[in-house]
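Student: Below is final20.cif; it holds mmCIF, C-alpha atoms; chains and numbers go by the auth columns.
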data_model
#
loop_
_atom_site.group_PDB
_atom_site.id
_atom_site.type_symbol
_atom_site.label_atom_id
_atom_site.label_comp_id
_atom_site.label_asym_id
_atom_site.label_seq_id
_atom_site.Cartn_x
_atom_site.Cartn_y
_atom_site.Cartn_z
_atom_site.B_iso_or_equiv
_atom_site.auth_seq_id
_atom_site.auth_asym_id
ATOM 1 C CA MET A 1 91.274 204.067 -21.151 0.00 743 A
ATOM 2 C CA ILE A 2 88.316 202.288 -19.553 0.00 744 A
ATOM 3 C CA VAL A 3 88.030 205.074 -16.978 0.00 745 A
ATOM 4 C CA ALA A 4 88.103 207.718 -19.718 0.00 746 A
ATOM 5 C CA GLU A 5 85.418 205.872 -21.653 0.00 747 A
ATOM 6 C CA ALA A 6 83.203 205.610 -18.565 0.00 748 A
ATOM 7 C CA ILE A 7 83.618 209.308 -17.735 0.00 749 A
ATOM 8 C CA ALA A 8 82.961 210.443 -21.312 0.00 750 A
ATOM 9 C CA HIS A 9 79.872 208.309 -21.668 0.00 751 A
ATOM 10 C CA ALA A 10 78.586 209.461 -18.265 0.00 752 A
ATOM 11 C CA LEU A 11 78.946 213.123 -19.296 0.00 753 A
ATOM 12 C CA LEU A 12 77.258 212.488 -22.645 0.00 754 A
ATOM 13 C CA ALA A 13 74.424 210.543 -21.024 0.00 755 A
ATOM 14 C CA GLY A 14 73.859 213.344 -18.514 0.00 756 A
ATOM 15 C CA GLY A 15 73.631 215.892 -21.310 0.00 757 A
ATOM 16 C CA ALA A 16 71.274 213.677 -23.301 0.00 758 A
ATOM 17 C CA LEU A 17 69.019 213.124 -20.266 0.00 759 A
ATOM 18 C CA LEU A 18 68.793 216.854 -19.548 0.00 760 A
ATOM 19 C CA ALA A 19 67.992 217.521 -23.212 0.00 761 A
ATOM 20 C CA LEU A 20 65.247 214.894 -22.956 0.00 762 A
ATOM 21 C CA VAL A 21 63.871 216.677 -19.885 0.00 763 A
ATOM 22 C CA ARG A 22 63.633 219.878 -21.889 0.00 764 A
ATOM 23 C CA LEU A 23 62.112 217.952 -24.801 0.00 765 A
ATOM 24 C CA ALA A 24 59.367 216.646 -22.511 0.00 766 A
ATOM 25 C CA ARG A 25 58.733 219.839 -20.529 0.00 767 A
ATOM 26 C CA GLY A 26 59.331 222.457 -23.204 0.00 768 A
ATOM 27 C CA PRO A 27 56.479 224.973 -23.154 0.00 769 A
ATOM 28 C CA SER A 28 56.591 225.701 -26.883 0.00 770 A
ATOM 29 C CA LEU A 29 57.325 223.822 -30.066 0.00 771 A
ATOM 30 C CA LEU A 30 60.512 225.794 -30.644 0.00 772 A
ATOM 31 C CA ASP A 31 61.947 224.728 -27.279 0.00 773 A
ATOM 32 C CA ARG A 32 61.428 221.155 -28.393 0.00 774 A
ATOM 33 C CA VAL A 33 63.114 221.880 -31.712 0.00 775 A
ATOM 34 C CA VAL A 34 66.171 223.269 -29.944 0.00 776 A
ATOM 35 C CA ALA A 35 66.216 220.306 -27.559 0.00 777 A
ATOM 36 C CA THR A 36 65.950 217.821 -30.443 0.00 778 A
ATOM 37 C CA ASP A 37 68.784 219.527 -32.287 0.00 779 A
ATOM 38 C CA THR A 38 71.003 219.361 -29.205 0.00 780 A
ATOM 39 C CA LEU A 39 70.003 215.750 -28.573 0.00 781 A
ATOM 40 C CA LEU A 40 71.018 214.704 -32.085 0.00 782 A
ATOM 41 C CA VAL A 41 74.340 216.487 -31.716 0.00 783 A
ATOM 42 C CA ILE A 42 74.940 214.692 -28.405 0.00 784 A
ATOM 43 C CA ILE A 43 74.067 211.358 -30.045 0.00 785 A
ATOM 44 C CA SER A 44 76.541 211.957 -32.861 0.00 786 A
ATOM 45 C CA ALA A 45 79.198 213.022 -30.353 0.00 787 A
ATOM 46 C CA SER A 46 78.684 209.823 -28.369 0.00 788 A
ATOM 47 C CA LEU A 47 78.931 207.743 -31.546 0.00 789 A
ATOM 48 C CA ALA A 48 82.216 209.502 -32.334 0.00 790 A
ATOM 49 C CA VAL A 49 83.483 208.898 -28.787 0.00 791 A
ATOM 50 C CA HIS A 50 82.634 205.209 -29.103 0.00 792 A
ATOM 51 C CA ALA A 51 84.378 205.018 -32.486 0.00 793 A
ATOM 52 C CA ALA A 52 87.452 206.805 -31.189 0.00 794 A
ATOM 53 C CA LEU A 53 87.933 204.920 -27.939 0.00 795 A
ATOM 54 C CA ASN A 54 87.413 201.475 -29.492 0.00 796 A
ATOM 55 C CA ARG A 55 89.273 202.320 -32.732 0.00 797 A
ATOM 56 C CA ASP A 56 86.186 201.200 -34.620 0.00 798 A
ATOM 57 C CA PRO A 57 85.604 203.272 -37.793 0.00 799 A
ATOM 58 C CA THR A 58 82.413 201.516 -38.883 0.00 800 A
ATOM 59 C CA VAL A 59 80.046 204.062 -37.313 0.00 801 A
ATOM 60 C CA VAL A 60 81.759 207.069 -38.896 0.00 802 A
ATOM 61 C CA PRO A 61 79.401 207.286 -41.941 0.00 803 A
ATOM 62 C CA VAL A 62 76.464 207.290 -39.542 0.00 804 A
ATOM 63 C CA LEU A 63 77.788 210.579 -38.146 0.00 805 A
ATOM 64 C CA VAL A 64 77.387 212.300 -41.516 0.00 806 A
ATOM 65 C CA VAL A 65 73.797 211.073 -41.783 0.00 807 A
ATOM 66 C CA VAL A 66 72.894 212.146 -38.237 0.00 808 A
ATOM 67 C CA SER A 67 74.290 215.656 -38.666 0.00 809 A
ATOM 68 C CA LEU A 68 72.442 216.049 -41.993 0.00 810 A
ATOM 69 C CA LEU A 69 69.247 214.819 -40.325 0.00 811 A
ATOM 70 C CA ALA A 70 69.536 217.334 -37.477 0.00 812 A
ATOM 71 C CA PHE A 71 69.871 220.245 -39.897 0.00 813 A
ATOM 72 C CA VAL A 72 67.025 219.173 -42.179 0.00 814 A
ATOM 73 C CA GLY A 73 64.697 218.468 -39.249 0.00 815 A
ATOM 74 C CA SER A 74 65.199 221.757 -37.434 0.00 816 A
ATOM 75 C CA VAL A 75 64.955 223.857 -40.597 0.00 817 A
ATOM 76 C CA SER A 76 61.796 222.109 -41.784 0.00 818 A
ATOM 77 C CA ILE A 77 60.075 222.503 -38.400 0.00 819 A
ATOM 78 C CA ALA A 78 61.063 226.181 -38.344 0.00 820 A
ATOM 79 C CA ARG A 79 59.533 226.646 -41.808 0.00 821 A
ATOM 80 C CA TYR A 80 56.381 224.826 -40.669 0.00 822 A
ATOM 81 C CA VAL A 81 55.971 227.053 -37.625 0.00 823 A
ATOM 82 C CA GLY A 82 56.542 230.096 -39.818 0.00 824 A
ATOM 83 C CA GLY A 83 53.739 228.916 -42.111 0.00 825 A
ATOM 84 C CA MET A 84 51.442 228.517 -39.086 0.00 826 A
ATOM 85 C CA LEU A 85 52.363 232.074 -38.102 0.00 827 A
ATOM 86 C CA LEU A 86 51.449 233.441 -41.548 0.00 828 A
ATOM 87 C CA ARG A 87 48.085 231.656 -41.443 0.00 829 A
ATOM 88 C CA SER A 88 47.265 232.880 -37.926 0.00 830 A
ATOM 89 C CA THR A 89 48.095 236.510 -38.753 0.00 831 A
ATOM 90 C CA ALA A 90 45.915 236.299 -41.874 0.00 832 A
ATOM 91 C CA GLU A 91 43.013 235.003 -39.741 0.00 833 A
ATOM 92 C CA GLU A 92 43.541 237.770 -37.177 0.00 834 A
ATOM 93 C CA SER A 93 43.375 240.464 -39.826 0.00 835 A
ATOM 94 C CA GLU A 94 40.209 238.898 -41.238 0.00 836 A
ATOM 95 C CA ASP A 95 38.652 238.916 -37.768 0.00 837 A
ATOM 96 C CA ARG A 96 39.480 242.556 -37.355 0.00 838 A
ATOM 97 C CA ARG A 97 37.588 243.350 -40.506 0.00 839 A
ATOM 98 C CA MET B 1 103.821 201.574 -27.898 0.00 970 B
ATOM 99 C CA SER B 2 106.160 204.457 -28.344 0.00 971 B
ATOM 100 C CA VAL B 3 106.119 207.675 -26.377 0.00 972 B
ATOM 101 C CA LEU B 4 104.734 209.609 -29.324 0.00 973 B
ATOM 102 C CA SER B 5 101.636 207.452 -29.681 0.00 974 B
ATOM 103 C CA GLN B 6 101.045 207.660 -25.940 0.00 975 B
ATOM 104 C CA ILE B 7 101.143 211.462 -26.150 0.00 976 B
ATOM 105 C CA ALA B 8 98.716 211.329 -29.092 0.00 977 B
ATOM 106 C CA ASP B 9 96.370 209.107 -27.078 0.00 978 B
ATOM 107 C CA VAL B 10 96.447 211.494 -24.127 0.00 979 B
ATOM 108 C CA VAL B 11 95.675 214.480 -26.370 0.00 980 B
ATOM 109 C CA ALA B 12 92.844 212.590 -28.078 0.00 981 B
ATOM 110 C CA VAL B 13 91.256 211.493 -24.791 0.00 982 B
ATOM 111 C CA ALA B 14 91.518 215.051 -23.451 0.00 983 B
ATOM 112 C CA CYS B 15 89.701 216.346 -26.551 0.00 984 B
ATOM 113 C CA LEU B 16 87.000 213.703 -26.227 0.00 985 B
ATOM 114 C CA LEU B 17 86.454 214.451 -22.525 0.00 986 B
ATOM 115 C CA ALA B 18 86.260 218.199 -23.200 0.00 987 B
ATOM 116 C CA GLY B 19 83.664 217.604 -25.920 0.00 988 B
ATOM 117 C CA ALA B 20 81.629 215.352 -23.641 0.00 989 B
ATOM 118 C CA PHE B 21 81.761 217.986 -20.895 0.00 990 B
ATOM 119 C CA LEU B 22 80.439 220.587 -23.335 0.00 991 B
ATOM 120 C CA CYS B 23 77.524 218.248 -24.099 0.00 992 B
ATOM 121 C CA LEU B 24 76.725 218.076 -20.377 0.00 993 B
ATOM 122 C CA THR B 25 76.826 221.898 -20.086 0.00 994 B
ATOM 123 C CA ALA B 26 74.426 222.099 -23.034 0.00 995 B
ATOM 124 C CA GLY B 27 71.958 219.857 -21.187 0.00 996 B
ATOM 125 C CA VAL B 28 72.222 221.908 -17.999 0.00 997 B
ATOM 126 C CA GLY B 29 71.726 225.144 -19.930 0.00 998 B
ATOM 127 C CA LEU B 30 68.730 223.735 -21.777 0.00 999 B
ATOM 128 C CA VAL B 31 67.015 222.889 -18.516 0.00 1000 B
ATOM 129 C CA ARG B 32 67.881 226.020 -16.557 0.00 1001 B
ATOM 130 C CA PHE B 33 67.658 228.904 -19.017 0.00 1002 B
ATOM 131 C CA PRO B 34 64.420 230.897 -19.277 0.00 1003 B
ATOM 132 C CA ASP B 35 63.493 231.311 -22.954 0.00 1004 B
ATOM 133 C CA VAL B 36 64.133 230.041 -26.466 0.00 1005 B
ATOM 134 C CA LEU B 37 66.997 232.346 -27.370 0.00 1006 B
ATOM 135 C CA SER B 38 69.065 231.615 -24.268 0.00 1007 B
ATOM 136 C CA ARG B 39 68.323 227.888 -24.580 0.00 1008 B
ATOM 137 C CA MET B 40 69.586 228.078 -28.130 0.00 1009 B
ATOM 138 C CA HIS B 41 72.719 229.819 -26.857 0.00 1010 B
ATOM 139 C CA ALA B 42 73.301 226.897 -24.492 0.00 1011 B
ATOM 140 C CA GLY B 43 72.490 224.260 -27.088 0.00 1012 B
ATOM 141 C CA THR B 44 74.921 225.641 -29.648 0.00 1013 B
ATOM 142 C CA LYS B 45 77.975 224.977 -27.459 0.00 1014 B
ATOM 143 C CA PRO B 46 78.281 221.264 -28.350 0.00 1015 B
ATOM 144 C CA GLN B 47 77.077 221.965 -31.877 0.00 1016 B
ATOM 145 C CA VAL B 48 80.248 223.827 -32.788 0.00 1017 B
ATOM 146 C CA LEU B 49 83.069 223.576 -30.260 0.00 1018 B
ATOM 147 C CA GLY B 50 82.038 220.245 -28.755 0.00 1019 B
ATOM 148 C CA ILE B 51 81.626 218.451 -32.058 0.00 1020 B
ATOM 149 C CA LEU B 52 84.926 219.897 -33.341 0.00 1021 B
ATOM 150 C CA LEU B 53 86.777 218.706 -30.227 0.00 1022 B
ATOM 151 C CA VAL B 54 85.235 215.239 -30.512 0.00 1023 B
ATOM 152 C CA MET B 55 86.102 215.084 -34.215 0.00 1024 B
ATOM 153 C CA VAL B 56 89.717 216.067 -33.540 0.00 1025 B
ATOM 154 C CA GLY B 57 89.958 213.400 -30.850 0.00 1026 B
ATOM 155 C CA GLY B 58 88.415 210.796 -33.117 0.00 1027 B
ATOM 156 C CA ALA B 59 90.689 211.685 -36.017 0.00 1028 B
ATOM 157 C CA ILE B 60 93.741 211.326 -33.771 0.00 1029 B
ATOM 158 C CA ARG B 61 92.584 207.978 -32.415 0.00 1030 B
ATOM 159 C CA LEU B 62 91.339 206.391 -35.638 0.00 1031 B
ATOM 160 C CA GLN B 63 94.607 206.984 -37.527 0.00 1032 B
ATOM 161 C CA GLY B 64 93.064 206.465 -40.958 0.00 1033 B
ATOM 162 C CA LEU B 65 92.861 208.998 -43.743 0.00 1034 B
ATOM 163 C CA ALA B 66 89.359 207.892 -44.824 0.00 1035 B
ATOM 164 C CA ALA B 67 87.915 208.248 -41.322 0.00 1036 B
ATOM 165 C CA ALA B 68 89.710 211.571 -40.839 0.00 1037 B
ATOM 166 C CA TRP B 69 88.204 212.983 -44.042 0.00 1038 B
ATOM 167 C CA MET B 70 84.729 211.885 -43.023 0.00 1039 B
ATOM 168 C CA LEU B 71 85.099 213.422 -39.556 0.00 1040 B
ATOM 169 C CA LEU B 72 86.351 216.631 -41.178 0.00 1041 B
ATOM 170 C CA LEU B 73 83.241 216.580 -43.378 0.00 1042 B
ATOM 171 C CA VAL B 74 80.998 216.260 -40.331 0.00 1043 B
ATOM 172 C CA GLY B 75 82.758 219.165 -38.594 0.00 1044 B
ATOM 173 C CA ALA B 76 82.598 221.433 -41.654 0.00 1045 B
ATOM 174 C CA PHE B 77 78.954 220.567 -42.154 0.00 1046 B
ATOM 175 C CA GLN B 78 78.133 221.467 -38.564 0.00 1047 B
ATOM 176 C CA LEU B 79 79.943 224.785 -38.953 0.00 1048 B
ATOM 177 C CA LEU B 80 77.958 225.545 -42.114 0.00 1049 B
ATOM 178 C CA THR B 81 74.498 224.474 -40.945 0.00 1050 B
ATOM 179 C CA ALA B 82 74.406 225.591 -37.284 0.00 1051 B
ATOM 180 C CA PRO B 83 74.088 229.336 -38.105 0.00 1052 B
ATOM 181 C CA VAL B 84 71.381 228.695 -40.716 0.00 1053 B
ATOM 182 C CA SER B 85 69.109 226.654 -38.454 0.00 1054 B
ATOM 183 C CA ALA B 86 69.742 228.954 -35.461 0.00 1055 B
ATOM 184 C CA HIS B 87 68.794 231.958 -37.598 0.00 1056 B
ATOM 185 C CA MET B 88 65.535 230.409 -38.759 0.00 1057 B
ATOM 186 C CA ILE B 89 64.509 229.176 -35.298 0.00 1058 B
ATOM 187 C CA SER B 90 65.303 232.496 -33.602 0.00 1059 B
ATOM 188 C CA ARG B 91 63.427 234.483 -36.251 0.00 1060 B
ATOM 189 C CA VAL B 92 60.283 232.390 -35.820 0.00 1061 B
ATOM 190 C CA ALA B 93 60.665 232.492 -32.021 0.00 1062 B
ATOM 191 C CA TYR B 94 60.828 236.283 -32.009 0.00 1063 B
ATOM 192 C CA ARG B 95 57.778 236.608 -34.211 0.00 1064 B
ATOM 193 C CA ARG B 96 55.716 234.124 -32.197 0.00 1065 B
ATOM 194 C CA ARG B 97 56.469 236.039 -28.981 0.00 1066 B
ATOM 195 C CA HIS B 98 58.329 233.153 -27.376 0.00 1067 B
ATOM 196 C CA VAL B 99 61.098 235.556 -26.378 0.00 1068 B
ATOM 197 C CA ARG B 100 61.089 237.117 -22.922 0.00 1069 B
ATOM 198 C CA ARG B 101 61.275 240.747 -24.021 0.00 1070 B
ATOM 199 C CA ASP B 102 61.909 241.982 -20.496 0.00 1071 B
ATOM 200 C CA LEU B 103 65.192 240.058 -20.471 0.00 1072 B
ATOM 201 C CA LEU B 104 66.482 241.601 -23.703 0.00 1073 B
ATOM 202 C CA LEU B 105 69.078 244.322 -23.287 0.00 1074 B
ATOM 203 C CA VAL B 106 68.905 245.495 -26.911 0.00 1075 B
ATOM 204 C CA ASP B 107 65.765 244.932 -29.015 0.00 1076 B
ATOM 205 C CA GLU B 108 66.453 246.364 -32.437 0.00 1077 B
ATOM 206 C CA LEU B 109 63.381 244.745 -34.009 0.00 1078 B
ATOM 207 C CA ARG B 110 60.786 246.280 -31.684 0.00 1079 B
ATOM 208 C CA ASP B 111 59.936 249.190 -33.983 0.00 1080 B
ATOM 209 C CA ALA B 112 60.296 247.174 -37.172 0.00 1081 B
ATOM 210 C CA GLU B 113 57.726 244.580 -36.085 0.00 1082 B
ATOM 211 C CA THR B 114 54.890 246.920 -35.116 0.00 1083 B
ATOM 212 C CA GLY B 115 55.028 249.016 -38.264 0.00 1084 B
ATOM 213 C CA ASP B 116 53.304 247.756 -41.376 0.00 1085 B
ATOM 214 C CA GLY B 117 52.316 244.272 -40.316 0.00 1086 B
ATOM 215 C CA HIS B 118 55.079 242.711 -42.376 0.00 1087 B
ATOM 216 C CA ARG B 119 55.376 239.380 -40.619 0.00 1088 B
ATOM 217 C CA GLY B 120 55.980 237.064 -43.568 0.00 1089 B
ATOM 218 C CA ASP B 121 58.533 234.324 -43.486 0.00 1090 B
ATOM 219 C CA GLU B 122 60.136 235.470 -46.719 0.00 1091 B
ATOM 220 C CA PRO B 123 61.489 238.893 -47.613 0.00 1092 B
ATOM 221 C CA ALA B 124 59.537 238.715 -50.877 0.00 1093 B
ATOM 222 C CA GLU B 125 56.283 238.338 -48.954 0.00 1094 B
ATOM 223 C CA GLY B 126 56.567 241.833 -47.533 0.00 1095 B
ATOM 224 C CA PRO B 127 54.744 244.882 -48.828 0.00 1096 B
ATOM 225 C CA THR B 128 55.758 245.860 -52.335 0.00 1097 B
ATOM 226 C CA GLN B 129 56.127 249.534 -51.564 0.00 1098 B
ATOM 227 C CA PRO B 130 56.852 251.147 -48.178 0.00 1099 B
ATOM 228 C CA SER B 131 53.603 252.315 -46.660 0.00 1100 B
#
Mind converting the file's structure to structure tokens?
Tutor:
Amino acid sequence: MIVAEAIAHALLAGGALLALVRLARGPSLLDRVVATDTLLVIISASLAVHAALNRDPTVVPVLVVVSLLAFVGSVSIARYVGGMLLRSTAEESEDRR
Amino acid sequence: MSVLSQIADVVAVACLLAGAFLCLTAGVGLVRFPDVLSRMHAGTKPQVLGILLVMVGGAIRLQGLAAAWMLLLVGAFQLLTAPVSAHMISRVAYRRRHVRRDLLLVDELRDAETGDGHRGDEPAEGPTQPS
């Protein structure tokens, strides 16, 4: 069981580190949004792995909160970028005139 | 420790390890893939299958009905919200030209985008009559 826990946490930590690399390097804002979404999912998966392997159900409500937070964050940033897009196209059309 | 609980533990640990492996593949895909849409394809693997596998493993290990219901809630919520957020992100990515168009095999929106300048975020923000 200890070996399984070490392997699972090593895999999850590798995925989280690579998502952090993309979060730091990402050329656009949307790359960072995708990386943040994946990072939150990996965090909730590692919380669930910890809860399962130690038979410790106290962190299970945190999982609900983290998954809600990932959805709300990515959708709100997507809406924000869409609003920036609308503004920039309006300015472009004004420049053309 | 009966044989049945040992089998349940083995199944649960196999599910947890498979979910953790999917998280690692998501990280590798995020770093190596070229543009937003393919990175989203890689990042969605742990969002659906990985989180479901981890939830199944956790529900087997925790052995409580309350914890199992909450894990089921998390899994159902992921299944409901992953398509919505992926749809919104990919729509904005296509319109902001963050998509490598030379890598697309089928681009059904190419003619629709250049037409009437309808680039709004909402369908209701489009032109009222077809021009």
Student: If the PyMOL selection byres ((chain A) within 6 of (chain B)) is run on the structure shown, which residues does it catch, given as a ChimeraX atom specification?
Tutor: /A:750,753-754,756-757,760-761,764,773,780,794,797,806,817,820,824
Student: Create the file for the chosen residues now, containing C-alpha atoms and written as a compact mmCIF listing (two decimals), in the coordinates of the input.
Tutor:
# COMPACT_ATOMS: atom_id res chain seq x y z
CA ALA A 750 82.96 210.44 -21.31
CA LEU A 753 78.95 213.12 -19.30
CA LEU A 754 77.26 212.49 -22.64
CA GLY A 756 73.86 213.34 -18.51
CA GLY A 757 73.63 215.89 -21.31
CA LEU A 760 68.79 216.85 -19.55
CA ALA A 761 67.99 217.52 -23.21
CA ARG A 764 63.63 219.88 -21.89
CA ASP A 773 61.95 224.73 -27.28
CA THR A 780 71.00 219.36 -29.20
CA ALA A 794 87.45 206.80 -31.19
CA ARG A 797 89.27 202.32 -32.73
CA VAL A 806 77.39 212.30 -41.52
CA VAL A 817 64.96 223.86 -40.60
CA ALA A 820 61.06 226.18 -38.34
CA GLY A 824 56.54 230.10 -39.82
Student: Please determine, counting all atoms listed in the file, which residue among A:Ala777, A:Leu782, A:Met826, A:Ala790 has the shortest atom-to-atom distance to Pro803 of chain A.
Tutor: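 Closest residue, counting all atoms listed in the file: A:Ala790.
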Student: Under the rule that all atoms listed in the file are counted, which of A:Val801, A:Val775, A:Leu828, A:Val763 is the nearest residue to Phe813 of chain A?
Tutor: A:Val775
Student: Measuring atom to atom with all atoms listed in the file, identify which of A:Ser770, A:Thr778, A:Ser816, A:Ser788 is nearest to His751 of chain A.
Tutor: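 Of A:Ser770, A:Thr778, A:Ser816, A:Ser788, the one nearest His751 of chain A is A:Ser788, counting all atoms listed in the file.
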Student: Could you please determine the separation between atom CA of Ala748 of chain A and atom CA of Ser971 of chain B in Å, to one decimal place?
Tutor: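 Here the two named atoms are 25.0 Å from each other.
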Student: Please determine, counting all atoms listed in the file, which residue among A:Ala755, A:Leu810, A:Ile749, A:Leu771 has the shortest atom-to-atom distance to Leu795 of chain A.
Tutor: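 Of A:Ala755, A:Leu810, A:Ile749, A:Leu771, the one nearest Leu795 of chain A is A:Ile749, counting all atoms listed in the file.
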Student: Just the number, please: distance in Å from atom CA of His792 of chain A to atom CA of Glu747 of chain A, one decimal.
Tutor: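 Going from atom CA of His792 of chain A over to atom CA of Glu747 of chain A, I get 8.0 Å.
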Student: As an exercise, work out the distance from atom CA of Gly768 of chain A to atom CA of Ser1007 of chain B in Å and give it to one decimal place.
Tutor: 13.4 Å
